[in-house]
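The structure file final.cif is reproduced below (mmCIF, C-alpha atoms and all ligand atoms).
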```
data_data
#
loop_
_atom_site.label_atom_id
_atom_site.label_comp_id
_atom_site.auth_asym_id
_atom_site.auth_seq_id
_atom_site.Cartn_x
_atom_site.Cartn_y
_atom_site.Cartn_z
CA MET A 1367 81.20 141.20 -64.76
CA ILE A 1368 83.01 142.22 -67.95
CA GLY A 1369 82.70 140.31 -71.17
CA VAL A 1370 79.60 138.39 -70.25
CA CYS A 1371 77.01 138.19 -72.98
CA LEU A 1372 73.44 138.42 -71.73
CA ASP A 1373 70.91 136.26 -73.44
CA VAL A 1374 67.32 135.21 -72.92
CA LEU A 1375 66.27 131.62 -72.43
CA ILE A 1376 62.68 130.51 -72.81
CA TRP A 1377 62.11 127.27 -71.01
CA THR A 1378 59.19 124.94 -71.62
CA SER A 1379 58.87 122.23 -69.05
CA TYR A 1380 57.44 119.16 -70.72
CA GLY A 1381 53.77 118.65 -69.95
CA LYS A 1382 53.25 122.13 -68.54
CA ALA A 1383 52.17 125.19 -70.46
CA ASN A 1384 54.22 127.61 -68.35
CA LEU A 1385 56.89 129.65 -70.02
CA TRP A 1386 59.56 131.42 -68.09
CA LYS A 1387 61.90 134.04 -69.41
CA GLU A 1388 65.22 134.07 -67.74
CA ILE A 1389 68.23 136.27 -68.09
CA MET A 1390 71.30 134.12 -68.32
CA THR A 1391 74.97 134.50 -68.96
CA ARG A 1392 76.27 132.58 -71.92
CA SER A 1393 79.64 131.94 -70.31
CA ALA A 1394 77.99 130.34 -67.28
CA LYS A 1395 75.85 128.23 -69.54
CA ILE A 1396 78.75 126.87 -71.53
CA SER A 1397 81.04 126.11 -68.62
CA TRP A 1398 78.47 124.01 -66.73
CA ASP A 1399 76.66 122.27 -69.57
CA ASP A 1400 77.13 118.49 -69.72
CA THR A 1401 78.74 118.14 -66.31
CA VAL A 1402 78.17 116.38 -63.00
CA LEU A 1403 79.39 118.09 -59.83
CA PRO A 1404 79.86 115.87 -56.75
CA PHE A 1405 79.36 117.42 -53.31
CA GLN A 1406 79.08 116.44 -49.69
CA LEU A 1407 77.20 117.82 -46.67
CA ASP A 1408 79.47 116.58 -43.89
CA VAL A 1409 77.31 117.71 -40.96
CA LEU A 1410 74.35 115.74 -42.30
CA ASP A 1411 76.29 112.63 -43.51
CA ILE A 1412 74.90 113.22 -46.99
CA ARG A 1413 76.60 113.15 -50.35
CA GLY A 1414 75.13 114.46 -53.57
CA ARG A 1415 75.52 115.35 -57.23
CA VAL A 1416 74.35 118.23 -59.42
CA ALA A 1417 73.99 117.38 -63.13
CA ARG A 1418 73.36 119.60 -66.14
CA LEU A 1419 72.80 118.08 -69.59
CA ASP A 1420 72.28 119.91 -72.86
CA GLY A 1421 74.48 118.93 -75.83
CA VAL A 1422 74.45 115.28 -74.68
CA LEU A 1423 70.66 115.22 -74.80
CA ASP A 1424 70.51 116.83 -78.20
CA GLN A 1425 72.87 114.22 -79.57
CA VAL A 1426 71.04 111.33 -77.92
CA LEU A 1427 67.66 112.52 -79.17
CA SER A 1428 68.71 113.68 -82.64
CA GLN A 1429 69.60 110.06 -83.54
CA HIS A 1430 65.87 109.27 -83.43
CA ASP A 1431 62.50 110.76 -84.19
CA TYR A 1432 60.72 110.02 -80.92
CA PRO A 1433 57.37 111.59 -80.03
CA PRO A 1434 57.87 114.36 -77.37
CA VAL A 1435 56.43 112.18 -74.62
CA VAL A 1436 59.11 109.54 -75.33
CA GLU A 1437 61.83 112.20 -75.66
CA ALA A 1438 60.91 113.45 -72.18
CA LEU A 1439 61.28 109.96 -70.68
CA VAL A 1440 64.65 109.49 -72.40
CA ALA A 1441 65.78 112.91 -71.09
CA GLU A 1442 64.74 111.95 -67.55
CA MET A 1443 66.57 108.60 -67.81
CA ALA A 1444 69.68 110.30 -69.19
CA VAL A 1445 69.97 112.73 -66.29
CA LEU A 1446 69.30 109.91 -63.79
CA THR A 1447 72.05 107.92 -65.51
CA ALA A 1448 74.55 110.79 -65.30
CA LEU A 1449 73.80 111.29 -61.58
CA ILE A 1450 73.91 107.61 -60.62
CA GLY A 1451 76.86 106.75 -62.91
CA GLN A 1452 79.03 109.41 -61.31
CA THR A 1453 78.51 107.90 -57.83
CA MET A 1454 79.94 104.53 -58.92
CA LYS A 1455 83.58 103.57 -59.11
CA LEU A 1456 83.21 102.36 -62.66
CA ARG A 1457 85.87 100.64 -64.68
CA TRP A 1458 83.48 100.06 -67.56
CA LYS A 1459 79.71 100.51 -67.75
CA LEU A 1460 76.56 101.26 -65.78
CA SER A 1461 73.25 100.62 -67.54
CA LEU A 1462 69.74 101.64 -66.54
CA GLN A 1463 66.76 99.86 -68.06
CA VAL A 1464 63.05 100.38 -67.76
CA ARG A 1465 60.80 97.72 -69.26
CA GLY A 1466 57.08 98.40 -69.40
CA SER A 1467 53.81 96.89 -70.57
CA GLY A 1468 52.40 100.17 -71.95
CA GLY A 1469 53.14 102.20 -75.08
CA VAL A 1470 56.76 102.63 -73.96
CA ARG A 1471 58.32 99.16 -73.89
CA LEU A 1472 61.95 99.91 -73.13
CA ILE A 1473 64.20 102.79 -72.19
CA ALA A 1474 67.86 101.82 -72.04
CA THR A 1475 70.84 103.97 -71.15
CA ASP A 1476 74.54 103.26 -70.77
CA TYR A 1477 77.13 105.31 -68.86
CA TYR A 1478 80.80 104.56 -69.48
CA GLY A 1479 83.11 105.71 -66.71
CA PRO A 1480 85.90 108.16 -67.65
CA THR A 1481 89.05 106.49 -68.96
CA GLY A 1482 91.27 108.87 -66.95
CA ASP A 1483 91.38 112.08 -64.89
CA GLY A 1484 89.70 114.96 -66.70
CA LYS A 1485 88.36 112.60 -69.40
CA PRO A 1486 84.61 112.72 -70.03
CA ALA A 1487 82.17 110.00 -69.05
CA ARG A 1488 80.08 108.88 -72.03
CA ILE A 1489 76.32 108.40 -72.18
CA ARG A 1490 74.06 106.81 -74.80
CA ALA A 1491 70.34 106.03 -74.69
CA TYR A 1492 67.43 104.73 -76.71
CA ALA A 1493 63.76 103.89 -76.35
CA ASN A 1494 61.51 101.29 -77.89
CA TYR A 1495 57.81 102.14 -78.09
CA ASN A 1496 54.59 101.22 -79.83
CA ALA A 1497 53.26 104.47 -81.33
CA GLU A 1498 49.70 103.12 -81.52
CA ALA A 1499 49.65 102.27 -77.83
CA LEU A 1500 50.83 105.72 -76.68
CA ASP A 1501 48.05 107.61 -74.91
CA ALA A 1502 48.07 111.30 -75.89
CA ASP A 1503 46.10 112.26 -72.78
CA SER A 1504 48.47 110.73 -70.25
CA GLY A 1505 51.76 111.92 -68.84
CA GLY A 1506 55.01 110.27 -69.79
CA PHE A 1507 55.34 107.96 -66.81
CA GLU A 1508 51.86 106.46 -67.32
CA GLN A 1509 52.94 105.28 -70.79
CA ILE A 1510 55.21 102.70 -69.16
CA GLY A 1511 52.48 100.75 -67.37
CA ASN A 1512 53.66 97.82 -65.25
CA GLY A 1513 57.18 96.56 -65.43
CA TYR A 1514 60.53 96.95 -63.80
CA PHE A 1515 63.44 99.30 -63.30
CA ALA A 1516 66.89 97.69 -63.43
CA ILE A 1517 70.47 98.76 -62.82
CA LEU A 1518 73.29 96.73 -64.37
CA ILE A 1519 76.95 97.26 -63.56
CA ASP A 1520 79.56 95.73 -65.84
CA GLN A 1521 83.13 96.19 -64.58
CA GLY A 1522 84.63 94.73 -67.75
CA GLN A 1523 86.11 91.47 -68.94
CA ASP A 1524 86.45 88.63 -66.44
CA MET A 1525 84.24 90.39 -63.89
CA THR A 1526 80.77 89.11 -63.00
CA PRO A 1527 78.20 91.74 -63.94
CA TYR A 1528 75.87 92.94 -61.19
CA GLN A 1529 72.13 93.36 -61.76
CA GLY A 1530 69.47 94.74 -59.43
CA ILE A 1531 65.77 95.02 -60.22
CA THR A 1532 62.79 96.73 -58.62
CA PRO A 1533 59.16 96.97 -59.82
CA ILE A 1534 57.96 100.20 -61.47
CA ALA A 1535 56.67 102.25 -58.52
CA GLY A 1536 55.60 105.79 -57.66
CA THR A 1537 54.91 108.57 -60.11
CA SER A 1538 58.14 109.07 -62.06
CA LEU A 1539 61.32 107.39 -63.19
CA SER A 1540 63.14 109.17 -60.37
CA SER A 1541 60.77 107.65 -57.81
CA CYS A 1542 61.55 104.22 -59.35
CA ALA A 1543 65.25 104.93 -58.86
CA GLU A 1544 64.65 106.07 -55.26
CA ALA A 1545 62.71 102.85 -54.58
CA TYR A 1546 65.55 100.85 -56.18
CA PHE A 1547 68.18 102.34 -53.86
CA ALA A 1548 65.99 101.90 -50.75
CA GLN A 1549 65.08 98.32 -51.63
CA SER A 1550 68.20 96.89 -53.29
CA GLU A 1551 71.01 98.95 -51.77
CA GLN A 1552 69.27 100.10 -48.56
CA ILE A 1553 70.60 103.62 -49.16
CA PRO A 1554 68.17 106.52 -48.67
CA THR A 1555 68.24 108.41 -51.97
CA ARG A 1556 66.39 111.40 -53.35
CA PHE A 1557 66.29 112.94 -56.84
CA SER A 1558 64.97 116.33 -57.89
CA LEU A 1559 64.97 116.58 -61.68
CA ALA A 1560 63.82 118.98 -64.40
CA PHE A 1561 63.85 118.41 -68.15
CA GLY A 1562 62.28 120.17 -71.10
CA HIS A 1563 62.75 122.21 -74.23
CA SER A 1564 64.65 125.48 -74.21
CA GLN A 1565 64.68 128.19 -76.82
CA GLU A 1566 67.36 130.84 -76.82
CA SER A 1567 66.99 134.30 -78.33
CA ASP A 1568 69.40 133.43 -81.13
CA GLY A 1569 66.94 130.75 -82.26
CA LYS A 1570 68.87 127.76 -80.93
CA SER A 1571 66.48 125.31 -79.36
CA GLY A 1572 66.97 121.94 -77.80
CA TRP A 1573 66.49 119.72 -74.81
CA ARG A 1574 67.97 120.59 -71.45
CA ALA A 1575 67.86 118.61 -68.24
CA GLY A 1576 69.27 119.04 -64.79
CA GLY A 1577 68.99 117.50 -61.39
CA VAL A 1578 70.22 117.08 -57.87
CA MET A 1579 70.74 113.70 -56.22
CA LEU A 1580 71.06 113.26 -52.45
CA GLN A 1581 72.20 110.05 -50.75
CA HIS A 1582 72.60 109.35 -47.08
CA MET A 1583 75.94 107.73 -46.34
CA PRO A 1584 75.47 104.02 -45.61
CA LEU A 1585 75.09 103.52 -41.85
CA ALA A 1586 77.66 101.25 -40.23
CA GLY A 1587 76.20 97.80 -39.70
CA ALA A 1588 72.79 98.90 -40.87
CA HIS A 1589 70.64 96.23 -42.39
CA VAL A 1590 67.11 97.25 -41.71
CA THR A 1591 64.18 94.99 -42.45
CA PRO A 1592 61.12 96.50 -40.78
CA ASP A 1593 58.01 94.38 -40.38
CA GLU A 1594 55.95 96.85 -42.35
CA PRO A 1595 57.86 98.86 -44.98
CA THR A 1596 56.34 102.30 -45.42
CA GLY A 1597 57.25 102.91 -49.09
CA GLU A 1598 55.13 102.62 -52.21
CA ASP A 1599 53.69 99.11 -52.85
CA GLY A 1600 55.18 97.76 -49.61
CA LEU A 1601 58.77 98.67 -50.58
CA LEU A 1602 61.31 100.05 -48.14
CA SER A 1603 61.48 103.84 -47.86
CA ALA A 1604 64.21 106.15 -46.53
CA ALA A 1605 62.43 106.41 -43.18
CA ASP A 1606 62.68 102.62 -42.75
CA LEU A 1607 66.45 102.76 -43.18
CA LEU A 1608 67.50 105.51 -40.76
CA ASP A 1609 67.32 105.91 -37.00
CA GLY A 1610 66.19 109.08 -35.16
CA ASN A 1611 69.09 111.48 -35.61
CA ALA A 1612 69.99 110.37 -39.12
CA ASN A 1613 66.35 110.51 -40.12
CA GLU A 1614 66.10 114.09 -38.86
CA ASN A 1615 69.16 115.08 -40.90
CA TRP A 1616 67.78 113.34 -43.96
CA ASN A 1617 64.42 115.10 -43.63
CA ARG A 1618 66.16 118.44 -43.22
CA ALA A 1619 68.18 118.00 -46.43
CA ASN A 1620 65.02 116.93 -48.26
CA LEU A 1621 63.08 119.97 -47.05
CA LEU A 1622 65.90 122.22 -48.24
CA LEU A 1623 65.94 120.48 -51.63
CA ASP A 1624 62.14 120.90 -51.86
CA THR A 1625 62.74 124.65 -52.23
CA VAL A 1626 64.56 124.22 -55.57
CA ASP A 1627 62.69 125.28 -58.70
CA GLN A 1628 62.89 123.89 -62.23
CA LEU A 1629 64.97 126.72 -63.67
CA GLU A 1630 67.53 126.39 -60.91
CA LEU A 1631 67.86 122.71 -61.77
CA VAL A 1632 68.37 123.14 -65.53
CA GLY A 1633 70.30 126.40 -65.17
CA PRO A 1634 71.78 128.36 -66.65
CA SER A 1635 70.79 131.40 -64.54
CA ILE A 1636 72.48 129.89 -61.51
CA GLU A 1637 75.70 127.91 -61.46
CA PRO A 1638 75.66 124.55 -59.65
CA THR A 1639 78.03 125.86 -56.97
CA GLN A 1640 75.77 128.87 -56.34
CA LEU A 1641 72.78 126.56 -56.22
CA LEU A 1642 74.42 124.42 -53.52
CA LEU A 1643 75.14 127.52 -51.46
CA ARG A 1644 71.58 128.76 -51.95
CA LEU A 1645 70.13 125.42 -50.80
CA PHE A 1646 72.59 124.19 -48.18
CA HIS A 1647 74.72 127.14 -46.97
CA ASP A 1648 74.21 126.27 -43.27
CA GLU A 1649 75.35 122.69 -43.98
CA GLY A 1650 78.69 123.79 -45.46
CA PRO A 1651 78.58 122.04 -48.84
CA ARG A 1652 81.97 120.73 -50.00
CA VAL A 1653 82.45 120.20 -53.73
CA PHE A 1654 84.78 117.81 -55.57
CA ASN A 1655 86.18 117.69 -59.10
CA ILE A 1656 83.61 118.26 -61.80
CA GLN A 1657 82.97 115.36 -64.20
CA PRO A 1658 82.38 116.27 -67.87
CA VAL A 1659 79.88 114.09 -69.75
CA THR A 1660 79.61 113.55 -73.49
CA PHE A 1661 77.53 111.50 -75.92
CA GLY A 1662 79.35 108.33 -76.88
CA CYS A 1663 78.58 105.00 -78.48
CA THR A 1664 80.84 101.96 -78.25
CA CYS A 1665 79.47 100.07 -81.22
CA SER A 1666 81.97 98.86 -83.83
CA ASP A 1667 82.31 96.48 -86.72
CA ASP A 1668 84.04 93.98 -84.43
CA ARG A 1669 81.37 94.14 -81.71
CA VAL A 1670 78.56 93.53 -84.21
CA ARG A 1671 80.50 90.58 -85.70
CA GLN A 1672 80.98 89.29 -82.18
CA SER A 1673 77.26 89.45 -81.44
CA LEU A 1674 76.52 87.57 -84.71
CA SER A 1675 79.11 84.87 -83.94
CA ILE A 1676 76.54 82.78 -82.02
CA TYR A 1677 74.53 82.11 -85.22
CA SER A 1678 74.77 79.11 -87.54
CA ALA A 1679 75.22 79.38 -91.31
CA LYS A 1680 71.48 78.67 -91.67
CA ASP A 1681 70.57 81.56 -89.31
CA ILE A 1682 72.93 83.86 -91.20
CA ARG A 1683 71.25 82.87 -94.50
CA HIS A 1684 67.89 83.99 -93.03
CA MET A 1685 69.38 87.41 -92.26
CA THR A 1686 70.92 87.82 -95.73
CA THR A 1687 69.33 90.37 -98.05
CA ASP A 1688 68.62 89.83 -101.79
CA ASP A 1689 71.86 91.60 -102.69
CA ASN A 1690 73.80 89.17 -100.52
CA GLN A 1691 74.53 91.33 -97.48
CA VAL A 1692 73.82 91.16 -93.78
CA THR A 1693 73.06 94.61 -92.39
CA ALA A 1694 72.77 95.88 -88.83
CA ASP A 1695 71.88 99.27 -87.34
CA CYS A 1696 73.00 100.46 -83.93
CA GLN A 1697 69.92 101.36 -81.87
CA PHE A 1698 71.89 103.89 -79.84
CA CYS A 1699 73.71 105.97 -82.47
CA GLY A 1700 72.16 104.91 -85.77
CA ALA A 1701 75.46 103.61 -87.25
CA HIS A 1702 74.81 101.29 -90.19
CA TYR A 1703 76.91 98.13 -90.68
CA THR A 1704 77.12 95.94 -93.78
CA PHE A 1705 78.77 92.50 -93.86
CA ASN A 1706 79.57 89.74 -96.28
CA PRO A 1707 77.43 86.85 -94.91
CA GLU A 1708 80.21 84.33 -95.63
CA THR A 1709 82.35 85.97 -92.94
CA LEU A 1710 79.68 85.77 -90.20
CA GLY A 1711 78.60 83.22 -87.62
CA PHE A 1712 80.45 80.31 -86.07
CA GLU A 1713 80.35 78.42 -89.38
CA ALA A 1714 81.85 81.29 -91.42
CA LYS A 1715 83.18 79.98 -94.75
CA THR A 1716 85.57 82.82 -95.42
CA PRO A 1717 87.81 83.95 -92.58
CA LEU A 1718 87.56 87.70 -92.11
CA GLU A 1719 91.20 88.29 -93.08
CA ASN A 1720 90.51 86.71 -96.50
CA ASP A 1721 87.40 88.78 -97.14
CA PRO A 1722 88.19 91.19 -100.02
CA ALA A 1723 85.27 93.47 -98.95
CA THR A 1724 86.85 94.32 -95.62
CA SER A 1725 90.52 94.46 -96.51
ZN ZN A 1801 76.38 102.89 -81.95
#
```

Render the structure in this file as structure tokens.
Ligand SMILES: [Zn+2]
Amino acid sequence: MIGVCLDVLIWTSYGKANLWKEIMTRSAKISWDDTVLPFQLDVLDIRGRVARLDGVLDQVLSQHDYPPVVEALVAEMAVLTALIGQTMKLRWKLSLQVRGSGGVRLIATDYYGPTGDGKPARIRAYANYNAEALDADSGGFEQIGNGYFAILIDQGQDMTPYQGITPIAGTSLSSCAEAYFAQSEQIPTRFSLAFGHSQESDGKSGWRAGGVMLQHMPLAGAHVTPDEPTGEDGLLSAADLLDGNANENWNRANLLLDTVDQLELVGPSIEPTQLLLRLFHDEGPRVFNIQPVTFGCTCSDDRVRQSLSIYSAKDIRHMTTDDNQVTADCQFCGAHYTFNPETLGFEAKTPLENDPATS
């Protein structure tokens, strides 16, 4: 190919000492970064997604100074969020939350559906952890301990939000998400993810993540409740949800996906379309419009005021600093807000429009 610039990528998978050197094309890297590609394997009744994140992750993680073990968990959640968010018909927001009893207390991500055709979906994420309780000798997932994995879907004003919860199970955040879909949605689901640090020959370094999601199409009339679920901790597994033929197809797709390696997942040596052909060429993969993804926060002066409107004048006084301000920081993007306390809360003395500081 003419005009393609060859470069070298050194990829460090988090938690493993292996280094790979990979020849890549810069043009391929740029065109597929921060995208989700939907696809379908008609003969197997399976739909899927391929996600690649790079700039989004850098922006999410550069807002904070997390230890690497926490960064890795946030990266894994972000790619899960991109994959799951793209499968939903979202008018507003999908949120994933993991709450744990270990060093990592909370990982929260939000995915805002695109506002129109060709518009990007937006992702934001943050983690809350207790640095003293992090165990340097354990992997990332063990830092969560016991807790739960939740999916929240908010379709906007005047719509009842949906929330589904499953206990922390398995060995990774993706196995929690698989258990969630088996248990709460009764949809067999599989994730294969990779995330880590990359260093390019021009010195640019940063986080990259990628993944493939497979989902069996819901079976007509299926509502399976076996006497003895075969999944982790007595939860339903894919095998409990499918009958003979469908189960065979599901196993076949999973065996094919098992052959993927980490570099193929994060790219950029292989484009997502080439990867699908490599994995599933006999199943005739069909691809749909690519979804761009970007970092985005929805915080604003008005939203913070809104969240403070439930407080009394006495509560607001407790929040007021010595120089007579109420301040708030956005946990997702780090934006800093400063308010005149007299304009806050349901007992506000000075209506906002009369506040000289904001006009
Ligand atoms: Zn923000």

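Selection of all polymer residues within 6 Å of ligand ZN 1801 (chain A) on the basis of only C-alpha atoms and all ligand atoms gives A:Cys1663, A:Thr1664, A:Cys1665, A:Cys1696, A:Phe1698, A:Cys1699, A:Ala1701.
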
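All residues of protein, DNA or RNA that reach within 12 Å of Glu1551 in chain A, judged by only C-alpha atoms and not counting those fewer than 6 positions away in the chain, are A:Ile1517, A:Gln1529, A:Gly1530, A:Ile1531, A:Thr1532, A:Ala1543, A:Glu1544, A:Ala1545, A:Gln1581, A:His1582, A:Met1583, A:Pro1584, A:Leu1585, A:Ala1588, A:His1589, A:Val1590, A:Leu1602, A:Ser1603, A:Ala1604, A:Leu1607.
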
So which residues touch Ile1489 in chain A within 6 Å, counting all atoms listed in the file, skipping near sequence neighbours fewer than 5 positions away, as number ranges by chain?
A: 1476-1477, 1661-1662

Distance criterion (only C-alpha atoms): nearest to Val1470 in chain A out of A:Ala1497, A:Leu1710, A:Leu1423, A:Leu1629
A:Ala1497

Write out as a list in words each polymer residue whose atoms come within 8 Å of Leu1472 in chain A, counting all atoms listed in the file; drop sequence neighbours fewer than 3 positions from it.
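The residues satisfying every condition are Gln1463, Val1464, Arg1465, Gly1466, Ala1493, Asn1494 and Tyr1495 of chain A.
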
Which is closest to Asp1681 in chain A among A:Gln1523, A:Asp1667, A:Asp1695, A:Phe1712, if we use all atoms listed in the file?
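So, comparing all the options, the nearest one is A:Phe1712.
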
Between CA of Arg1471 in chain A and CA of Arg1457 in chain A, what is the distance in Å, rounded to a tenth?
29.1 Å

Take CA of Gly1484 in chain A and CA of Val1402 in chain A and report the distance between them in Å, one decimal.
12.2 Å

Any idea what the distance is between CA of Gly1569 in chain A and CA of Asp1424 in chain A?
14.9 Å

As a PyMOL selection string, please: the residues near Phe1705 in chain A (cut-off 12 Å, all atoms listed in the file, same-chain neighbours under 5 positions excluded).
chain A and resi 1667-1668+1670-1671+1674+1682+1685-1687+1689-1695+1710-1711+1714+1716+1718+1721-1724

Report as a tab-separated table: every residue of range 1574-1669 of chain A with an atom at most 10 Å from range 1433-1443 of chain A, its closest pair of atoms, and their distance in Å to one decimal, counting all atoms listed in the file, with rows sorted by chain and ascending residue number.
```
residue	atom	partner	partner_atom	distance
A:Arg1574	CA	A:Ala1441	CA	8.0
A:Ala1575	CA	A:Ala1441	CA	6.7
A:Gly1576	CA	A:Glu1442	CA	8.9
A:Gly1577	CA	A:Glu1442	CA	9.3
```

Taking into account all atoms listed in the file, which residue in the set A:Gly1600, A:Ser1467, A:Leu1500, A:Thr1537 is nearest to Tyr1514 in chain A?
A:Ser1467

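Ranking A:Tyr1492, A:Val1409, A:Asn1620, A:Tyr1546 by their shortest atom-to-atom distance to His1430 in chain A, with all atoms listed in the file included, puts A:Tyr1492 first.
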
All residues 9 Å or closer to Trp1458 in chain A, only C-alpha atoms, same chain fewer than 4 positions away omitted, as a PyMOL selection string:
chain A and resi 1477-1481+1519-1522

Nearest residue to Ile1656 in chain A out of A:Asp1503, A:Asp1688, A:Asp1431, A:Asp1483, using only C-alpha atoms?
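Checking each candidate against Ile1656 in chain A, we get A:Asp1483 as the closest.
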